Amino acid sequence: MKTVFSPRHVGHSGNVELDTNAIVAAYEKPSRAQIIRERVEAVGLGPVIEPNAHDLSTARKIHAHDYLDFLESVYPQWLAAGHSGTAMPYVWPTRGVRADVPPTSIEGRIGYYAFDAGATFVAGTWDAVKSSHDSALSAARLVQAGERAAFALCRPPGHHAGSNFAGGYCYINNAAVAAQFFRDNGAKRVTILDVDYHHGNGTQQIFYARADVQVLNLHADPLQEYPYFLGHADETGSGAGEGFNHNFPLPLGTAWEGWSAALDSACDLVAAYAPDALIVSLGVDTFERDPISKFRLTSSDYPKIGARIARLGLPTLFVMEGGYAVEEIGINAVGVLTGFEQD
Ligand SMILES: NCCCNCCCCCC(O)(O)C(F)(F)F
Ligand SMILES: [Zn+2]
């Protein structure tokens, strides 16, 4: 299996984040991607290649144009306003207030385009975001050209990014853009299977009214866990998309038995939908020692996830999402991929 990875992710570094009541170094840090890349090479998964540059024409079918323009311009505008360091939102539109973009205040704009304080910007963020997007499209192109599977080692991640909002370390929804690429290149139906610990609220929001992209999410129950405000089992899609969105919220403390039962149910829905391509939003923050998560998968479980997905027999694109136990992130993420290959 080929891995597409861009060293340009390192520009997105030195970020801080608001963690309950303190500003801390961001958990979503460069070493995550470096360690996964090293593990890919250590196990001989296959070649690691850099992405080809892509324009934003596919992304502009997924994200609002003003949002993409914002992502590219926010940091220069932050500096122009006399600010420095990490650009972080601290005020957001909520119930009962106006929902129009503050035209001249970068502090207002950065809040308007975010659902939390978790998507922050430094000088190199946009370049990293764009290269992560390029990795997803380059890897999708490999699968579309006939490779059984490919791995987009994306950093930053994407599944919390909606059509016009950032959050949870996410800016461009890499998996969603890849799904649109498959749809633009012959696929009639595409499935996104999100196995990250956190609900892919952005991915759900993007495709909620669409029947051509099935979205399945296994995640911590939003009643108990971030991102809280989406991801319940009764969210099944709207309009033409009714019946093509499936959530499997699971209780804190879930281990392999409960998690794998949900995976089996999700795989049955994939088989019934019979997509032309499968995209896996691959987060490994389901790991028992993940510092910000509360599931209890073990490193020996990850190859089993890959093997179960392989049994679907579909052209498969793996897109990296979360995982913060940096010591084991390579073993766990690449474990899914070797498990897929060996089935
Ligand atoms: N006190 C805990 C606060 C939680 N803060 C935000 C967590 C973001 C999770 C991001 C992710 O893992 O879902 C992604 F895949 F997008 F990277
Ligand atoms: Zn996550």
# chains A, B, ... in the order shown; residues from 1 in each chain; ligands from 1
call {"tool": "residues_around", "arguments": {"residues": "range 130-145 of chain A", "least_positions_apart": "3", "cutoff": "9 Å", "atoms": "only C-alpha atoms", "output": "PyMOL selection string"}}
result
chain A and resi 2-9+50-56+59+125-127+148-158+172-175+177-179+181-182+185-187+277+279+315-319
call {"tool": "write_last_selection", "arguments": {"atoms": "C-alpha atoms", "output": "PDB file, in the first residue's frame"}}
result
ATOM      1  CA  LYS A   2       1.371   3.452  -0.876  1.00  0.00           C
ATOM      2  CA  THR A   3       1.388   6.259   1.679  1.00  0.00           C
ATOM      3  CA  VAL A   4       0.993   9.871   0.583  1.00  0.00           C
ATOM      4  CA  PHE A   5       2.592  12.257   3.060  1.00  0.00           C
ATOM      5  CA  SER A   6       3.705  15.877   2.924  1.00  0.00           C
ATOM      6  CA  PRO A   7       6.564  17.217   5.091  1.00  0.00           C
ATOM      7  CA  ARG A   8       4.869  20.630   4.810  1.00  0.00           C
ATOM      8  CA  HIS A   9       2.703  19.662   7.833  1.00  0.00           C
ATOM      9  CA  GLU A  50       4.754  13.284  -1.571  1.00  0.00           C
ATOM     10  CA  PRO A  51       1.414  14.577  -2.847  1.00  0.00           C
ATOM     11  CA  ASN A  52       0.945  16.279  -6.173  1.00  0.00           C
ATOM     12  CA  ALA A  53      -0.355  19.830  -5.809  1.00  0.00           C
ATOM     13  CA  HIS A  54      -4.072  20.101  -6.438  1.00  0.00           C
ATOM     14  CA  ASP A  55      -6.238  23.167  -6.884  1.00  0.00           C
ATOM     15  CA  LEU A  56      -9.234  23.796  -4.644  1.00  0.00           C
ATOM     16  CA  ALA A  59     -12.772  21.363  -2.110  1.00  0.00           C
ATOM     17  CA  THR A 125      -1.073  26.480   9.118  1.00  0.00           C
ATOM     18  CA  TRP A 126      -2.601  27.199   5.732  1.00  0.00           C
ATOM     19  CA  ASP A 127       0.328  25.594   3.880  1.00  0.00           C
ATOM     20  CA  ARG A 148      -6.737  -1.646  -4.013  1.00  0.00           C
ATOM     21  CA  ALA A 149      -5.935   0.777  -1.172  1.00  0.00           C
ATOM     22  CA  ALA A 150      -3.876   3.819  -0.272  1.00  0.00           C
ATOM     23  CA  PHE A 151      -3.035   5.742   2.912  1.00  0.00           C
ATOM     24  CA  ALA A 152      -3.317   9.533   3.056  1.00  0.00           C
ATOM     25  CA  LEU A 153      -1.160  10.436   6.050  1.00  0.00           C
ATOM     26  CA  CYS A 154      -2.991  13.702   6.573  1.00  0.00           C
ATOM     27  CA  ARG A 155      -1.996  16.316   9.108  1.00  0.00           C
ATOM     28  CA  PRO A 156      -3.891  18.373  10.163  1.00  0.00           C
ATOM     29  CA  PRO A 157      -6.961  16.095  10.288  1.00  0.00           C
ATOM     30  CA  GLY A 158     -10.333  17.022   8.823  1.00  0.00           C
ATOM     31  CA  ILE A 172     -10.409  21.278   5.303  1.00  0.00           C
ATOM     32  CA  ASN A 173     -12.359  18.031   5.548  1.00  0.00           C
ATOM     33  CA  ASN A 174      -9.844  15.813   3.741  1.00  0.00           C
ATOM     34  CA  ALA A 175     -12.073  12.708   3.702  1.00  0.00           C
ATOM     35  CA  VAL A 177     -12.966  16.232  -0.412  1.00  0.00           C
ATOM     36  CA  ALA A 178     -11.710  12.744  -1.325  1.00  0.00           C
ATOM     37  CA  ALA A 179     -15.311  11.472  -1.433  1.00  0.00           C
ATOM     38  CA  PHE A 181     -13.190  13.428  -5.938  1.00  0.00           C
ATOM     39  CA  PHE A 182     -14.414   9.826  -6.271  1.00  0.00           C
ATOM     40  CA  ASN A 185     -14.412  10.521 -11.293  1.00  0.00           C
ATOM     41  CA  GLY A 186     -16.894   7.737 -11.939  1.00  0.00           C
ATOM     42  CA  ALA A 187     -18.016   6.563  -8.502  1.00  0.00           C
ATOM     43  CA  ALA A 277     -15.197   3.317  -3.053  1.00  0.00           C
ATOM     44  CA  ILE A 279     -12.988   6.046   2.656  1.00  0.00           C
ATOM     45  CA  PRO A 315     -11.266  -0.015  -3.156  1.00  0.00           C
ATOM     46  CA  THR A 316     -10.282   1.681   0.101  1.00  0.00           C
ATOM     47  CA  LEU A 317      -8.709   5.034   0.971  1.00  0.00           C
ATOM     48  CA  PHE A 318      -7.471   5.480   4.532  1.00  0.00           C
ATOM     49  CA  VAL A 319      -7.365   9.134   5.644  1.00  0.00           C
TER      50      VAL A 319
END
call {"tool": "select_by_dssp", "arguments": {"residues": "range 160-234 of chain A", "states": "strand (DSSP E or B)", "output": "VMD selection string"}}
result
chain A and resid 162 165 to 167 170 190 to 194 213 to 220
call {"tool": "residues_near_ligand", "arguments": {"ligand": "ligand 1", "cutoff": "6 Å", "atoms": "only C-alpha atoms and all ligand atoms", "output": "PyMOL selection string"}}
result
chain A and resi 19-20+118+157-160+168-170+198+226+283+292+321-323
call {"tool": "residues_around", "arguments": {"residues": "Ala119 in chain A", "least_positions_apart": "5", "cutoff": "12 Å", "atoms": "only C-alpha atoms", "output": "PyMOL selection string"}}
result
chain A and resi 12+15-18+26-28+71+74+86-90+110-111+113-114+125-126+129+156-158+160-161+165-172
call {"tool": "residues_around", "arguments": {"residues": "Ala266 in chain A", "least_positions_apart": "6", "cutoff": "9 Å", "atoms": "only C-alpha atoms", "output": "ChimeraX atom specification"}}
result
/A:193,216-218,246-248
call {"tool": "write_last_selection", "arguments": {"atoms": "N, CA, C and O atoms", "output": "CSV table (one decimal), in the first residue's frame"}}
result
chain,number,residue,atom,x,y,z
A,193,LEU,N,-16.4,5.8,6.3
A,193,LEU,CA,-16.5,5.1,7.6
A,193,LEU,C,-15.6,5.7,8.6
A,193,LEU,O,-14.3,5.7,8.4
A,216,LEU,N,-20.9,6.8,8.0
A,216,LEU,CA,-21.0,6.0,9.2
A,216,LEU,C,-20.0,6.4,10.2
A,216,LEU,O,-18.9,6.6,9.9
A,217,ASN,N,-20.5,6.6,11.4
A,217,ASN,CA,-19.6,7.0,12.5
A,217,ASN,C,-19.7,6.2,13.7
A,217,ASN,O,-20.8,6.0,14.3
A,218,LEU,N,-18.5,5.7,14.2
A,218,LEU,CA,-18.4,5.0,15.5
A,218,LEU,C,-17.7,5.9,16.4
A,218,LEU,O,-16.6,6.4,16.0
A,246,HIS,N,-25.4,7.2,9.5
A,246,HIS,CA,-25.6,6.2,10.6
A,246,HIS,C,-24.6,6.5,11.7
A,246,HIS,O,-23.4,6.5,11.4
A,247,ASN,N,-25.1,6.7,12.9
A,247,ASN,CA,-24.2,7.0,14.0
A,247,ASN,C,-24.3,5.8,15.0
A,247,ASN,O,-25.4,5.3,15.3
A,248,PHE,N,-23.1,5.4,15.5
A,248,PHE,CA,-23.0,4.4,16.5
A,248,PHE,C,-22.4,5.0,17.8
A,248,PHE,O,-21.2,4.8,18.0
call {"tool": "closest_residue", "arguments": {"among": "A:Phe287, A:Tyr75, A:Tyr228, A:Tyr197", "to": "Arg109 in chain A", "atoms": "only C-alpha atoms"}}
result
A:Tyr75
call {"tool": "closest_residue", "arguments": {"among": "A:Pro291, A:Gly124, A:Gly85, A:Gly253", "to": "ligand 2", "atoms": "only C-alpha atoms and all ligand atoms"}}
result
A:Pro291
